[in-house]
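Peer 1: The file below is start_2.pdb, PDB, C-alpha atoms, pLDDT in the B column:
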ATOM      1  CA  MET A   1     -33.157  29.476   9.738  1.00 48.00           C
ATOM      2  CA  ARG A   2     -33.175  33.262   9.301  1.00 66.00           C
ATOM      3  CA  ASN A   3     -33.454  35.054   5.935  1.00 88.00           C
ATOM      4  CA  LEU A   4     -30.209  36.978   6.170  1.00 91.00           C
ATOM      5  CA  GLU A   5     -30.430  38.310   2.613  1.00 92.00           C
ATOM      6  CA  LEU A   6     -33.661  40.188   3.339  1.00 94.00           C
ATOM      7  CA  GLU A   7     -32.250  41.533   6.602  1.00 94.00           C
ATOM      8  CA  MET A   8     -29.105  42.789   4.912  1.00 95.00           C
ATOM      9  CA  GLU A   9     -31.006  44.313   2.001  1.00 96.00           C
ATOM     10  CA  ALA A  10     -33.000  46.334   4.527  1.00 96.00           C
ATOM     11  CA  TYR A  11     -29.763  47.295   6.279  1.00 96.00           C
ATOM     12  CA  ARG A  12     -28.172  48.514   3.035  1.00 97.00           C
ATOM     13  CA  LYS A  13     -31.200  50.647   2.204  1.00 96.00           C
ATOM     14  CA  ALA A  14     -31.407  52.147   5.689  1.00 97.00           C
ATOM     15  CA  ASN A  15     -27.666  52.871   5.848  1.00 97.00           C
ATOM     16  CA  SER A  16     -26.863  53.464   2.182  1.00 97.00           C
ATOM     17  CA  TYR A  17     -24.684  56.552   2.671  1.00 97.00           C
ATOM     18  CA  LEU A  18     -22.422  55.102   5.373  1.00 97.00           C
ATOM     19  CA  TYR A  19     -22.334  51.672   3.727  1.00 98.00           C
ATOM     20  CA  SER A  20     -21.212  53.152   0.405  1.00 98.00           C
ATOM     21  CA  LYS A  21     -18.676  55.348   2.197  1.00 98.00           C
ATOM     22  CA  HIS A  22     -17.118  52.321   3.884  1.00 98.00           C
ATOM     23  CA  ILE A  23     -16.813  50.535   0.545  1.00 98.00           C
ATOM     24  CA  ARG A  24     -15.129  53.545  -1.073  1.00 98.00           C
ATOM     25  CA  ASN A  25     -12.739  53.880   1.872  1.00 98.00           C
ATOM     26  CA  ALA A  26     -11.795  50.191   1.702  1.00 98.00           C
ATOM     27  CA  GLU A  27     -11.233  50.378  -2.051  1.00 99.00           C
ATOM     28  CA  GLU A  28      -8.924  53.365  -1.635  1.00 98.00           C
ATOM     29  CA  ILE A  29      -6.857  51.541   1.002  1.00 98.00           C
ATOM     30  CA  ILE A  30      -6.576  48.568  -1.360  1.00 99.00           C
ATOM     31  CA  ARG A  31      -5.462  50.759  -4.279  1.00 99.00           C
ATOM     32  CA  VAL A  32      -2.790  52.495  -2.207  1.00 98.00           C
ATOM     33  CA  ALA A  33      -1.571  49.214  -0.698  1.00 98.00           C
ATOM     34  CA  LEU A  34      -1.195  47.573  -4.107  1.00 98.00           C
ATOM     35  CA  LEU A  35       1.135  50.374  -5.180  1.00 98.00           C
ATOM     36  CA  GLN A  36       3.460  49.325  -2.360  1.00 97.00           C
ATOM     37  CA  CYS A  37       3.794  45.606  -3.113  1.00 97.00           C
ATOM     38  CA  LYS A  38       4.498  43.043  -5.820  1.00 97.00           C
ATOM     39  CA  ASN A  39       3.145  39.841  -4.294  1.00 98.00           C
ATOM     40  CA  PRO A  40       0.032  40.465  -2.159  1.00 99.00           C
ATOM     41  CA  ALA A  41      -2.027  37.971  -0.204  1.00 99.00           C
ATOM     42  CA  ILE A  42      -5.274  37.958   1.732  1.00 99.00           C
ATOM     43  CA  ALA A  43      -5.714  36.394   5.150  1.00 97.00           C
ATOM     44  CA  LEU A  44      -8.856  34.304   4.708  1.00 97.00           C
ATOM     45  CA  SER A  45     -10.536  32.475   7.578  1.00 94.00           C
ATOM     46  CA  GLY A  46     -14.012  31.894   6.183  1.00 94.00           C
ATOM     47  CA  GLY A  47     -15.498  34.483   8.537  1.00 93.00           C
ATOM     48  CA  LYS A  48     -17.608  37.422   7.384  1.00 95.00           C
ATOM     49  CA  ASP A  49     -14.857  40.054   7.642  1.00 96.00           C
ATOM     50  CA  SER A  50     -12.300  38.172   5.576  1.00 96.00           C
ATOM     51  CA  VAL A  51     -14.834  36.954   2.988  1.00 98.00           C
ATOM     52  CA  ALA A  52     -16.148  40.477   2.388  1.00 98.00           C
ATOM     53  CA  MET A  53     -12.551  41.706   2.164  1.00 98.00           C
ATOM     54  CA  ALA A  54     -11.713  38.982  -0.370  1.00 98.00           C
ATOM     55  CA  GLY A  55     -14.543  40.171  -2.589  1.00 98.00           C
ATOM     56  CA  LEU A  56     -13.229  43.726  -2.438  1.00 99.00           C
ATOM     57  CA  VAL A  57      -9.543  42.941  -2.968  1.00 99.00           C
ATOM     58  CA  CYS A  58     -10.278  40.636  -5.903  1.00 99.00           C
ATOM     59  CA  LYS A  59     -11.807  43.566  -7.780  1.00 98.00           C
ATOM     60  CA  PHE A  60      -8.272  44.957  -8.076  1.00 98.00           C
ATOM     61  CA  CYS A  61      -5.882  41.980  -8.155  1.00 98.00           C
ATOM     62  CA  SER A  62      -5.516  38.212  -7.830  1.00 98.00           C
ATOM     63  CA  PRO A  63      -3.890  37.758  -4.417  1.00 99.00           C
ATOM     64  CA  LYS A  64      -2.768  34.503  -2.905  1.00 99.00           C
ATOM     65  CA  ILE A  65      -4.887  33.164  -0.070  1.00 99.00           C
ATOM     66  CA  ILE A  66      -3.243  32.540   3.295  1.00 98.00           C
ATOM     67  CA  TRP A  67      -5.391  30.132   5.270  1.00 97.00           C
ATOM     68  CA  ASN A  68      -4.334  29.362   8.812  1.00 94.00           C
ATOM     69  CA  ASP A  69      -5.618  25.829   9.358  1.00 91.00           C
ATOM     70  CA  SER A  70      -4.895  25.675  13.062  1.00 85.00           C
ATOM     71  CA  GLY A  71      -6.383  22.213  13.483  1.00 80.00           C
ATOM     72  CA  LEU A  72      -9.435  23.463  15.371  1.00 79.00           C
ATOM     73  CA  GLU A  73     -11.190  25.379  12.615  1.00 82.00           C
ATOM     74  CA  LEU A  74     -14.922  24.902  12.133  1.00 82.00           C
ATOM     75  CA  PRO A  75     -15.336  22.215   9.422  1.00 83.00           C
ATOM     76  CA  GLU A  76     -17.393  24.472   7.132  1.00 89.00           C
ATOM     77  CA  SER A  77     -14.612  27.059   6.976  1.00 91.00           C
ATOM     78  CA  LYS A  78     -12.563  24.984   4.539  1.00 92.00           C
ATOM     79  CA  SER A  79     -15.370  24.879   1.977  1.00 94.00           C
ATOM     80  CA  ILE A  80     -15.715  28.669   2.200  1.00 96.00           C
ATOM     81  CA  ILE A  81     -11.985  29.094   1.543  1.00 97.00           C
ATOM     82  CA  TYR A  82     -12.036  26.828  -1.490  1.00 97.00           C
ATOM     83  CA  GLU A  83     -15.213  28.372  -2.887  1.00 98.00           C
ATOM     84  CA  ILE A  84     -13.573  31.801  -2.808  1.00 98.00           C
ATOM     85  CA  ALA A  85     -10.442  30.374  -4.436  1.00 98.00           C
ATOM     86  CA  ASP A  86     -12.450  28.701  -7.215  1.00 98.00           C
ATOM     87  CA  ARG A  87     -14.581  31.749  -7.873  1.00 98.00           C
ATOM     88  CA  PHE A  88     -11.653  34.140  -8.252  1.00 98.00           C
ATOM     89  CA  GLY A  89      -9.008  31.692  -9.484  1.00 98.00           C
ATOM     90  CA  LEU A  90      -6.708  32.106  -6.488  1.00 98.00           C
ATOM     91  CA  GLU A  91      -3.902  29.974  -5.079  1.00 98.00           C
ATOM     92  CA  ILE A  92      -4.380  28.725  -1.530  1.00 98.00           C
ATOM     93  CA  ILE A  93      -1.405  28.612   0.822  1.00 98.00           C
ATOM     94  CA  VAL A  94      -2.174  26.593   3.948  1.00 97.00           C
ATOM     95  CA  ALA A  95      -0.395  27.687   7.128  1.00 96.00           C
ATOM     96  CA  LYS A  96      -0.839  24.545   9.200  1.00 93.00           C
ATOM     97  CA  GLY A  97      -0.988  25.004  12.958  1.00 89.00           C
ATOM     98  CA  CYS A  98      -0.918  22.456  15.759  1.00 86.00           C
ATOM     99  CA  ALA A  99      -3.960  23.337  17.859  1.00 81.00           C
ATOM    100  CA  ILE A 100      -4.991  19.726  18.489  1.00 78.00           C
ATOM    101  CA  GLU A 101      -1.469  18.764  19.565  1.00 84.00           C
ATOM    102  CA  GLU A 102      -1.330  21.826  21.800  1.00 85.00           C
ATOM    103  CA  ALA A 103      -4.716  20.938  23.290  1.00 78.00           C
ATOM    104  CA  GLU A 104      -3.487  17.403  23.980  1.00 80.00           C
ATOM    105  CA  ALA A 105      -0.379  18.772  25.721  1.00 85.00           C
ATOM    106  CA  ILE A 106      -2.606  20.973  27.889  1.00 82.00           C
ATOM    107  CA  GLY A 107      -4.852  18.012  28.664  1.00 77.00           C
ATOM    108  CA  ARG A 108      -1.838  15.939  29.773  1.00 82.00           C
ATOM    109  CA  GLY A 109      -0.605  18.754  31.996  1.00 85.00           C
ATOM    110  CA  GLU A 110       2.555  19.239  29.927  1.00 87.00           C
ATOM    111  CA  LEU A 111       1.568  22.772  28.942  1.00 87.00           C
ATOM    112  CA  SER A 112      -0.436  25.426  30.775  1.00 86.00           C
ATOM    113  CA  ARG A 113      -3.360  27.062  29.013  1.00 80.00           C
ATOM    114  CA  TYR A 114      -1.966  30.285  30.521  1.00 85.00           C
ATOM    115  CA  ASP A 115       1.455  29.880  28.916  1.00 88.00           C
ATOM    116  CA  LYS A 116       2.341  32.940  26.838  1.00 86.00           C
ATOM    117  CA  LYS A 117       2.770  30.918  23.664  1.00 85.00           C
ATOM    118  CA  VAL A 118      -0.741  29.488  24.120  1.00 83.00           C
ATOM    119  CA  ILE A 119      -2.356  32.837  24.900  1.00 82.00           C
ATOM    120  CA  ASN A 120      -0.547  34.509  21.996  1.00 82.00           C
ATOM    121  CA  SER A 121      -1.157  31.587  19.581  1.00 84.00           C
ATOM    122  CA  ILE A 122       2.547  31.345  18.735  1.00 88.00           C
ATOM    123  CA  ASP A 123       2.594  27.749  17.463  1.00 87.00           C
ATOM    124  CA  THR A 124      -0.981  27.610  16.209  1.00 87.00           C
ATOM    125  CA  ILE A 125      -1.145  30.868  14.241  1.00 89.00           C
ATOM    126  CA  ILE A 126       1.870  33.195  14.380  1.00 92.00           C
ATOM    127  CA  ASN A 127       4.747  30.879  13.433  1.00 93.00           C
ATOM    128  CA  PRO A 128       2.876  28.904  10.724  1.00 94.00           C
ATOM    129  CA  VAL A 129       1.625  32.087   9.046  1.00 96.00           C
ATOM    130  CA  ARG A 130       5.008  33.827   9.199  1.00 96.00           C
ATOM    131  CA  LYS A 131       6.630  30.757   7.676  1.00 96.00           C
ATOM    132  CA  ALA A 132       4.081  30.690   4.843  1.00 97.00           C
ATOM    133  CA  LEU A 133       4.533  34.396   4.126  1.00 97.00           C
ATOM    134  CA  ILE A 134       8.320  34.052   3.942  1.00 96.00           C
ATOM    135  CA  GLU A 135       8.349  30.855   1.879  1.00 97.00           C
ATOM    136  CA  HIS A 136       6.032  32.328  -0.755  1.00 98.00           C
ATOM    137  CA  GLY A 137       7.607  35.777  -0.891  1.00 98.00           C
ATOM    138  CA  ILE A 138       4.489  37.639   0.208  1.00 98.00           C
ATOM    139  CA  ASP A 139       5.318  41.311   0.706  1.00 98.00           C
ATOM    140  CA  LEU A 140       1.889  42.589   1.822  1.00 98.00           C
ATOM    141  CA  GLU A 141      -1.082  40.884   3.407  1.00 98.00           C
ATOM    142  CA  PHE A 142      -4.624  42.234   3.500  1.00 98.00           C
ATOM    143  CA  VAL A 143      -6.347  41.457   6.803  1.00 97.00           C
ATOM    144  CA  GLY A 144     -10.053  41.678   7.553  1.00 94.00           C
ATOM    145  CA  LEU A 145      -9.623  43.243  10.979  1.00 91.00           C
ATOM    146  CA  ARG A 146     -11.953  45.984  12.186  1.00 92.00           C
ATOM    147  CA  LYS A 147     -11.050  48.684  14.697  1.00 89.00           C
ATOM    148  CA  LYS A 148     -14.415  48.412  16.476  1.00 85.00           C
ATOM    149  CA  GLU A 149     -13.419  44.985  17.749  1.00 84.00           C
ATOM    150  CA  SER A 150     -10.810  46.147  20.270  1.00 83.00           C
ATOM    151  CA  ILE A 151      -9.129  49.160  21.844  1.00 88.00           C
ATOM    152  CA  LYS A 152      -5.739  47.688  20.931  1.00 87.00           C
ATOM    153  CA  ARG A 153      -6.643  47.744  17.237  1.00 86.00           C
ATOM    154  CA  ARG A 154      -7.862  51.338  17.449  1.00 90.00           C
ATOM    155  CA  MET A 155      -4.607  52.383  19.103  1.00 91.00           C
ATOM    156  CA  LEU A 156      -2.546  50.521  16.502  1.00 87.00           C
ATOM    157  CA  LEU A 157      -4.378  52.148  13.601  1.00 89.00           C
ATOM    158  CA  SER A 158      -4.186  55.561  15.237  1.00 86.00           C
ATOM    159  CA  GLN A 159      -0.406  55.228  15.545  1.00 90.00           C
ATOM    160  CA  TYR A 160       0.504  53.515  12.263  1.00 92.00           C
ATOM    161  CA  GLY A 161      -2.440  53.932   9.897  1.00 94.00           C
ATOM    162  CA  PRO A 162      -4.220  51.290   7.769  1.00 96.00           C
ATOM    163  CA  ILE A 163      -1.070  50.295   5.834  1.00 97.00           C
ATOM    164  CA  HIS A 164       2.073  49.651   7.849  1.00 96.00           C
ATOM    165  CA  TYR A 165       4.980  47.298   8.416  1.00 96.00           C
ATOM    166  CA  SER A 166       4.174  44.687  11.056  1.00 95.00           C
ATOM    167  CA  LYS A 167       6.964  43.293  13.240  1.00 93.00           C
ATOM    168  CA  LYS A 168       4.585  40.511  14.232  1.00 92.00           C
ATOM    169  CA  TRP A 169       4.226  39.242  10.664  1.00 93.00           C
ATOM    170  CA  GLY A 170       7.459  40.536   9.156  1.00 94.00           C
ATOM    171  CA  ILE A 171       5.755  42.248   6.185  1.00 97.00           C
ATOM    172  CA  LYS A 172       3.399  45.131   5.422  1.00 98.00           C
ATOM    173  CA  ILE A 173      -0.204  44.740   6.533  1.00 97.00           C
ATOM    174  CA  ALA A 174      -3.237  46.539   5.076  1.00 98.00           C
ATOM    175  CA  TRP A 175      -6.564  46.965   6.876  1.00 97.00           C
ATOM    176  CA  PRO A 176      -9.216  47.824   4.245  1.00 98.00           C
ATOM    177  CA  MET A 177     -12.068  46.841   6.586  1.00 97.00           C
ATOM    178  CA  MET A 178     -10.917  48.981   9.503  1.00 95.00           C
ATOM    179  CA  ASN A 179     -14.010  51.246   9.587  1.00 95.00           C
ATOM    180  CA  TRP A 180     -16.567  48.571   8.818  1.00 96.00           C
ATOM    181  CA  ASP A 181     -19.289  47.211  11.067  1.00 93.00           C
ATOM    182  CA  GLY A 182     -20.075  43.507  11.204  1.00 94.00           C
ATOM    183  CA  ARG A 183     -23.369  44.251   9.449  1.00 96.00           C
ATOM    184  CA  ASP A 184     -21.510  46.001   6.627  1.00 97.00           C
ATOM    185  CA  CYS A 185     -19.564  42.795   6.010  1.00 97.00           C
ATOM    186  CA  LEU A 186     -22.687  40.642   5.969  1.00 97.00           C
ATOM    187  CA  ALA A 187     -24.468  43.147   3.726  1.00 97.00           C
ATOM    188  CA  TYR A 188     -21.577  43.146   1.251  1.00 98.00           C
ATOM    189  CA  ILE A 189     -21.482  39.343   1.201  1.00 98.00           C
ATOM    190  CA  CYS A 190     -25.210  39.119   0.477  1.00 96.00           C
ATOM    191  CA  GLU A 191     -25.139  41.912  -2.105  1.00 97.00           C
ATOM    192  CA  ASN A 192     -22.291  40.278  -4.025  1.00 98.00           C
ATOM    193  CA  ASN A 193     -23.410  36.661  -3.625  1.00 96.00           C
ATOM    194  CA  LEU A 194     -20.269  35.667  -1.739  1.00 98.00           C
ATOM    195  CA  PRO A 195     -20.273  32.435   0.296  1.00 96.00           C
ATOM    196  CA  ILE A 196     -21.461  32.806   3.867  1.00 94.00           C
ATOM    197  CA  HIS A 197     -20.538  30.551   6.745  1.00 92.00           C
ATOM    198  CA  PRO A 198     -23.596  28.633   8.070  1.00 89.00           C
ATOM    199  CA  ALA A 199     -22.638  29.625  11.616  1.00 83.00           C
ATOM    200  CA  TYR A 200     -23.986  33.110  10.909  1.00 88.00           C
ATOM    201  CA  LEU A 201     -27.367  31.746   9.856  1.00 86.00           C
ATOM    202  CA  MET A 202     -27.694  29.982  13.213  1.00 80.00           C
ATOM    203  CA  ALA A 203     -26.547  32.925  15.356  1.00 79.00           C
ATOM    204  CA  SER A 204     -28.993  35.126  17.266  1.00 80.00           C
ATOM    205  CA  ASP A 205     -26.926  38.158  16.214  1.00 86.00           C
ATOM    206  CA  PRO A 206     -24.953  37.332  13.041  1.00 86.00           C
ATOM    207  CA  ALA A 207     -23.092  40.657  13.092  1.00 85.00           C
ATOM    208  CA  MET A 208     -21.587  39.813  16.477  1.00 83.00           C
ATOM    209  CA  ALA A 209     -20.949  36.119  15.816  1.00 78.00           C
ATOM    210  CA  ARG A 210     -17.349  35.036  15.361  1.00 75.00           C
ATOM    211  CA  VAL A 211     -16.241  32.201  13.116  1.00 75.00           C
ATOM    212  CA  SER A 212     -13.020  31.082  14.703  1.00 66.00           C
ATOM    213  CA  TRP A 213     -11.768  27.973  16.431  1.00 62.00           C
ATOM    214  CA  ALA A 214     -14.344  25.361  17.336  1.00 61.00           C
ATOM    215  CA  PHE A 215     -12.786  25.398  20.805  1.00 55.00           C
ATOM    216  CA  ASP A 216     -10.338  27.861  22.318  1.00 54.00           C
ATOM    217  CA  THR A 217      -7.865  26.207  24.678  1.00 51.00           C
ATOM    218  CA  ALA A 218      -7.116  29.572  26.299  1.00 45.00           C
ATOM    219  CA  ARG A 219     -10.682  29.848  27.632  1.00 45.00           C
ATOM    220  CA  GLU A 220     -13.115  27.752  29.609  1.00 50.00           C
ATOM    221  CA  ALA A 221     -16.590  28.365  28.187  1.00 55.00           C
ATOM    222  CA  PRO A 222     -19.122  25.601  28.941  1.00 55.00           C
ATOM    223  CA  ALA A 223     -21.691  27.040  26.527  1.00 54.00           C
ATOM    224  CA  GLU A 224     -19.190  26.962  23.661  1.00 60.00           C
ATOM    225  CA  THR A 225     -18.203  23.415  24.577  1.00 67.00           C
ATOM    226  CA  GLU A 226     -21.854  22.366  24.377  1.00 69.00           C
ATOM    227  CA  VAL A 227     -22.159  23.913  20.910  1.00 67.00           C
ATOM    228  CA  VAL A 228     -19.155  21.869  19.797  1.00 72.00           C
ATOM    229  CA  ARG A 229     -20.637  18.695  21.320  1.00 76.00           C
ATOM    230  CA  ARG A 230     -23.918  19.130  19.468  1.00 76.00           C
ATOM    231  CA  ASN A 231     -22.673  20.357  16.104  1.00 74.00           C
ATOM    232  CA  TYR A 232     -19.134  19.002  15.733  1.00 76.00           C
ATOM    233  CA  PRO A 233     -19.000  15.579  17.431  1.00 79.00           C
ATOM    234  CA  GLU A 234     -15.693  14.567  15.820  1.00 77.00           C
ATOM    235  CA  ILE A 235     -13.907  17.651  17.167  1.00 74.00           C
ATOM    236  CA  TYR A 236     -15.609  17.127  20.529  1.00 77.00           C
ATOM    237  CA  ARG A 237     -14.355  13.528  20.619  1.00 80.00           C
ATOM    238  CA  LYS A 238     -10.768  14.693  20.030  1.00 72.00           C
ATOM    239  CA  LEU A 239     -11.080  17.284  22.780  1.00 71.00           C
ATOM    240  CA  ARG A 240     -12.458  14.707  25.199  1.00 74.00           C
ATOM    241  CA  GLU A 241      -9.584  12.376  24.397  1.00 73.00           C
ATOM    242  CA  ALA A 242      -7.225  15.273  25.132  1.00 66.00           C
ATOM    243  CA  GLY A 243      -8.902  15.746  28.516  1.00 64.00           C
ATOM    244  CA  LEU A 244     -10.250  19.215  27.721  1.00 62.00           C
ATOM    245  CA  CYS A 245     -13.950  18.302  27.740  1.00 64.00           C
ATOM    246  CA  GLN A 246     -16.034  16.113  30.042  1.00 60.00           C
TER     247      GLN A 246
END
Please render this file's structure as structure tokens.

Peer 2:
Amino acid sequence: MRNLELEMEAYRKANSYLYSKHIRNAEEIIRVALLQCKNPAIALSGGKDSVAMAGLVCKFCSPKIIWNDSGLELPESKSIIYEIADRFGLEIIVAKGCAIEEAEAIGRGELSRYDKKVINSIDTIINPVRKALIEHGIDLEFVGLRKKESIKRRMLLSQYGPIHYSKKWGIKIAWPMMNWDGRDCLAYICENNLPIHPAYLMASDPAMARVSWAFDTAREAPAETEVVRRNYPEIYRKLREAGLCQ
């Protein structure tokens, strides 16, 4: 298993100016966002972006945690969520999705994997999270999204800026990590002794690795299915029963 701490220490030293600049920029976005809300939350998945963001936001406030437990999360993600909550004394709000049920419906042929609500994660992510935000009176959510990850995100930030009202979520959204690189997130986690998902320690390129669903019903990726079979046999069994894996 790789020594990520040594790698990230070297990264911080080699990129100290830009790394520090990204931290200052994120902190300023957080400060400004907190002036615009009374009941903030952080979207926490257990991945590097959201964990690094949690460490930053918790320097300024005690937000609620919104955890979208879709039903197909990697098992280790839950322990990361609860470790963050325990460390900073935060309340966890679970937005429960129905990914397994959706996968079973796809396996039975009752639902197409190309259906818009599947592709857009309406029942697994969007609706459960919106419901949680409304029920708990959240008026701003910090998200660990980075603009380098997609053209769509860059266009959105260019048009609306890092703090804006989101029709998708029905509240204001703040993007403190928008300028960060994946390595910045890992470096910040290591520097501040934040919990790190074991998936990154197994990845050939941790900065590019994504900690998301164990299996995405909107894609067919044999290599990913094999990873699930080897490392998460219980999830693999459920997917086989649903007819999504051989």

Peer 1: Please tabulate, as JSON lines, the residues of range 147-218 of chain A that come within 6 Å of range 44-66 of chain A, each with its closest pair of atoms and the distance in Å to one decimal, counting all atoms listed in the file and ordering rows by chain, then residue number upward.

Peer 2:
{"residue": "A:Cys185", "atom": "CA", "partner": "A:Ala52", "partner_atom": "CA", "distance": 5.5}
{"residue": "A:Ile189", "atom": "CA", "partner": "A:Ala52", "partner_atom": "CA", "distance": 5.6}
{"residue": "A:Val211", "atom": "CA", "partner": "A:Gly47", "partner_atom": "CA", "distance": 5.2}

Peer 1: Please produce a file of the residues just selected, as an mmCIF file, in the coordinates of the input, where the atoms kept are C-alpha atoms.

Peer 2:
data_model
loop_
_atom_site.group_PDB
_atom_site.id
_atom_site.type_symbol
_atom_site.label_atom_id
_atom_site.label_comp_id
_atom_site.auth_asym_id
_atom_site.auth_seq_id
_atom_site.Cartn_x
_atom_site.Cartn_y
_atom_site.Cartn_z
ATOM 1 C CA CYS A 185 -19.564 42.795 6.010
ATOM 2 C CA ILE A 189 -21.482 39.343 1.201
ATOM 3 C CA VAL A 211 -16.241 32.201 13.116
#

Peer 1: Calculate, to one decimal in Å, the centre and edge lengths of the box along x, y and z of the file that holds all listed atoms of range 36-40 of chain A with 6 Å of margin on each side, and present them as JSON.

Peer 2:
{"center_x": 2.3, "center_y": 44.6, "center_z": -4.0, "size_x": 16.5, "size_y": 21.5, "size_z": 15.7}

Peer 1: At what distance in Å, to one decimal, does CA of Met177 in chain A lie from CA of Glu27 in chain A?

Peer 2: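 A separation of 9.4 Å between them.
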
Peer 1: Counting only C-alpha atoms, what is within 12 Å of range 149-153 of chain A, bar same-chain residues fewer than 6 positions away, as a short mmCIF file (atom, residue, chain, number, x, y, z; two decimals) with C-alpha atoms, in the coordinates of the input?

Peer 2:
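Below is the file that was written, result-v8.cif:
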data_model
loop_
_atom_site.label_atom_id
_atom_site.label_comp_id
_atom_site.auth_asym_id
_atom_site.auth_seq_id
_atom_site.Cartn_x
_atom_site.Cartn_y
_atom_site.Cartn_z
CA ASP A 49 -14.86 40.05 7.64
CA GLN A 159 -0.41 55.23 15.54
CA TYR A 160 0.50 53.52 12.26
CA GLY A 161 -2.44 53.93 9.90
CA PRO A 162 -4.22 51.29 7.77
CA TRP A 175 -6.56 46.96 6.88
CA MET A 177 -12.07 46.84 6.59
CA MET A 178 -10.92 48.98 9.50
CA ASN A 179 -14.01 51.25 9.59
CA TRP A 180 -16.57 48.57 8.82
CA ASP A 181 -19.29 47.21 11.07
CA GLY A 182 -20.08 43.51 11.20
CA ALA A 207 -23.09 40.66 13.09
CA MET A 208 -21.59 39.81 16.48
CA ALA A 209 -20.95 36.12 15.82
CA ARG A 210 -17.35 35.04 15.36
#

Peer 1: Please return, as a PyMOL selection string, all polymer residues that have at least one atom within 12 Å of the point (1.4, 24.8, 7.6); use only C-alpha atoms and the file's own coordinate frame.

Peer 2: chain A and resi 66-71+92-99+123-133+135

Peer 1: Starting from the shown file, work through the PyMOL selection byres ((chain A and resi 19) around 12) and note down what comes out as a ChimeraX atom specification.

Peer 2: /A:8-18,20-26,177,179-188,191
